[in-house]
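Undergrad: I have a structure I would like to understand better, so I am pasting it below and will then ask my questions one at a time.
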Amino acid sequence: MSSPDKIVEKILSDAKREAERIVSEARAKAQEVIEEAKKKAKEAVEAEISKYRAAREEEAKRALMEARVKAKERWLKEREDLITQAVEKVKERLAKVVESPDYVKSLEQLIEEAAASIGGGDLLVQLNERDSKLPLDLEGVARRVKEKTGVDTKIELSDKRISCMGGAVVMSRDGSFIYDNTLESRLARRENEMRLTAAKILFA
Amino acid sequence: MTGLVEGVRKVLEAEEEARRIIEEAKREAERIKREAEAFKVDVAKEVEEAKKKASEEVEAWLKEQLKAVEADLEAKLAKLREGASRNMERAVEELLKLVLPGGG
């Protein structure tokens, strides 16, 4: 190879090397620019999404909490309904009990309980029409009340009839003391206790 | 003499070619630079897509949680009903004792 050919070859190879360097640098720089743009975009998206996601998650948590509260309410309602069912069944049973022969004894006990609560003495008993026809041993009841209270006790059936399922209203003759021991009153007085008892037994 | 002239001509042509190669490279570099500068990320579109994805994920999570709450409730209700069905008669007997002396 002649000397000028060598120079030509050197000039061209240097130029090609320089050209490659220029293009290569440009590509590297371009890559940096693109990466930077992507990074900035990613940061912008993440900043936006972070707030958005937090808001959606908060909404979802609220919805979940509401659903849990509603579920608890449904559970409580079901529980209360079942307890009410038990109390209603007691009422149904009471309606049968007052028709049974054993009821006379129960009624005497109800009168006795009321009379003793008043403290004995000269007492009148008010009953419903059906119960007033039952063969009640009011003298026996009076004796037991005297034993309990130590007070001479006389119990008479009042002419006045009351409207109730069963049980009795006992009062002192002068009307100063009254004890309502009708089944309805007993149910009402003991409703809370009944519901508690029902809950304990039903869901044991 | 002719050889020398021919040599100088070749060298001059080579230099011209070298300048052309470098100019070409510079133009290519400029094109690459402009292309890079023109690169833009559609942030609004990315945000919309990310929002959609986030919504779907949160909704899927919520759906799963609600399903669990419902299943838990059904299990608890079934337990209540089962207990009530098994113990109702005994409860009624006990309640009667509270209302009626001797329990009827």
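Ordered as shown in the structure tokens, chains take letters A, B, and onward, while each chain numbers its residues from 1 and ligands are numbered from 1 in the order shown.
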Given a cut-off of 7 Å, which residues of chain A touch chain B, counting only C-alpha atoms, written out as JSON, numbers by chain?
TA: {"A": [4, 7, 8, 11, 12, 15, 16, 18, 19, 22, 23, 26, 27, 30, 33, 34, 37, 38, 41, 45, 49, 53, 56, 57, 60, 64, 68, 71, 75, 79, 82, 86, 89, 90, 97, 103, 106, 109, 110, 183, 186, 187, 194, 198, 201, 202, 203]}
Undergrad: Could you pull out the helix (DSSP H, G or I) residues of range 54-148 of chain A, going by DSSP on the backbone, and write them as an mmCIF file with C-alpha atoms, in the first residue's frame?
TA:
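Resulting contents of states30.cif:
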```cif
data_model
loop_
_atom_site.group_PDB
_atom_site.id
_atom_site.type_symbol
_atom_site.label_atom_id
_atom_site.label_comp_id
_atom_site.auth_asym_id
_atom_site.auth_seq_id
_atom_site.Cartn_x
_atom_site.Cartn_y
_atom_site.Cartn_z
ATOM 1 C CA ALA A 54 -56.376 6.196 49.553
ATOM 2 C CA ALA A 55 -59.787 7.808 48.952
ATOM 3 C CA ARG A 56 -61.202 4.647 47.355
ATOM 4 C CA GLU A 57 -59.840 2.495 50.147
ATOM 5 C CA GLU A 58 -61.393 4.804 52.713
ATOM 6 C CA GLU A 59 -64.761 4.530 50.924
ATOM 7 C CA ALA A 60 -64.437 0.753 50.797
ATOM 8 C CA LYS A 61 -63.598 0.553 54.501
ATOM 9 C CA ARG A 62 -66.636 2.691 55.311
ATOM 10 C CA ALA A 63 -68.837 0.455 53.170
ATOM 11 C CA LEU A 64 -67.407 -2.601 54.893
ATOM 12 C CA MET A 65 -67.982 -1.119 58.321
ATOM 13 C CA GLU A 66 -71.581 -0.274 57.398
ATOM 14 C CA ALA A 67 -72.084 -3.824 56.170
ATOM 15 C CA ARG A 68 -70.703 -5.178 59.445
ATOM 16 C CA VAL A 69 -72.977 -2.902 61.476
ATOM 17 C CA LYS A 70 -75.978 -3.979 59.373
ATOM 18 C CA ALA A 71 -75.023 -7.623 59.815
ATOM 19 C CA LYS A 72 -74.816 -7.131 63.561
ATOM 20 C CA GLU A 73 -78.220 -5.411 63.508
ATOM 21 C CA ARG A 74 -79.711 -8.294 61.522
ATOM 22 C CA TRP A 75 -78.249 -10.754 64.007
ATOM 23 C CA LEU A 76 -79.609 -8.801 66.968
ATOM 24 C CA LYS A 77 -83.041 -8.493 65.329
ATOM 25 C CA GLU A 78 -83.152 -12.217 64.626
ATOM 26 C CA ARG A 79 -82.167 -12.873 68.244
ATOM 27 C CA GLU A 80 -84.835 -10.498 69.545
ATOM 28 C CA ASP A 81 -87.442 -12.033 67.214
ATOM 29 C CA LEU A 82 -86.666 -15.502 68.553
ATOM 30 C CA ILE A 83 -86.919 -14.250 72.138
ATOM 31 C CA THR A 84 -90.231 -12.573 71.278
ATOM 32 C CA GLN A 85 -91.374 -15.868 69.773
ATOM 33 C CA ALA A 86 -90.670 -17.571 73.098
ATOM 34 C CA VAL A 87 -92.592 -14.893 75.022
ATOM 35 C CA GLU A 88 -95.518 -15.169 72.587
ATOM 36 C CA LYS A 89 -95.537 -18.927 73.049
ATOM 37 C CA VAL A 90 -95.734 -18.340 76.811
ATOM 38 C CA LYS A 91 -98.815 -16.199 76.247
ATOM 39 C CA GLU A 92 -100.330 -18.942 74.089
ATOM 40 C CA ARG A 93 -99.565 -21.478 76.791
ATOM 41 C CA LEU A 94 -101.076 -19.209 79.448
ATOM 42 C CA ALA A 95 -104.300 -19.062 77.461
ATOM 43 C CA LYS A 96 -104.450 -22.866 77.728
ATOM 44 C CA VAL A 97 -103.264 -22.954 81.330
ATOM 45 C CA TYR A 103 -105.177 -23.311 87.233
ATOM 46 C CA VAL A 104 -107.368 -23.017 90.355
ATOM 47 C CA LYS A 105 -104.319 -23.725 92.508
ATOM 48 C CA SER A 106 -102.223 -21.232 90.532
ATOM 49 C CA LEU A 107 -104.902 -18.569 90.894
ATOM 50 C CA GLU A 108 -105.037 -19.120 94.647
ATOM 51 C CA GLN A 109 -101.257 -18.710 94.744
ATOM 52 C CA LEU A 110 -101.522 -15.485 92.752
ATOM 53 C CA ILE A 111 -104.123 -14.143 95.183
ATOM 54 C CA GLU A 112 -101.978 -15.255 98.132
ATOM 55 C CA GLU A 113 -98.879 -13.574 96.725
ATOM 56 C CA ALA A 114 -100.778 -10.307 96.158
ATOM 57 C CA ALA A 115 -102.479 -10.398 99.550
ATOM 58 C CA ALA A 116 -99.189 -11.069 101.338
ATOM 59 C CA SER A 117 -97.539 -8.233 99.416
ATOM 60 C CA ILE A 118 -100.245 -5.841 100.621
ATOM 61 C CA GLU A 129 -115.873 -13.437 84.755
ATOM 62 C CA ARG A 130 -114.619 -16.974 84.104
ATOM 63 C CA ASP A 131 -112.291 -17.123 87.135
ATOM 64 C CA SER A 132 -114.973 -15.751 89.433
ATOM 65 C CA LEU A 138 -110.238 -17.981 99.723
ATOM 66 C CA GLU A 139 -110.425 -18.872 103.414
ATOM 67 C CA GLY A 140 -107.449 -21.210 103.002
ATOM 68 C CA VAL A 141 -105.603 -18.453 101.152
ATOM 69 C CA ALA A 142 -106.407 -15.994 103.976
ATOM 70 C CA ARG A 143 -105.039 -18.455 106.552
ATOM 71 C CA ARG A 144 -101.757 -18.787 104.673
ATOM 72 C CA VAL A 145 -101.487 -15.005 104.319
ATOM 73 C CA LYS A 146 -101.986 -14.616 108.065
ATOM 74 C CA GLU A 147 -99.204 -17.184 108.626
ATOM 75 C CA LYS A 148 -96.913 -15.170 106.411
#
```
Undergrad: For Tyr179 in chain A, which of A:Glu25, A:Leu196, A:Gly167, A:Tyr52 is the closest residue, counting only C-alpha atoms?
TA: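 Checking each candidate against Tyr179 in chain A, we get A:Gly167 as the closest.
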Undergrad: Could you jot down the CA of Asp137 in chain A to CA of Asp122 in chain A separation for me, Å, one decimal place?
TA: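 Those two atoms sit 16.0 Å apart.
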Undergrad: Expressed in Å to a single decimal, how great is the separation between CA of Asp152 in chain A and CA of Met171 in chain A?
TA: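 So the answer is 15.0 Å.
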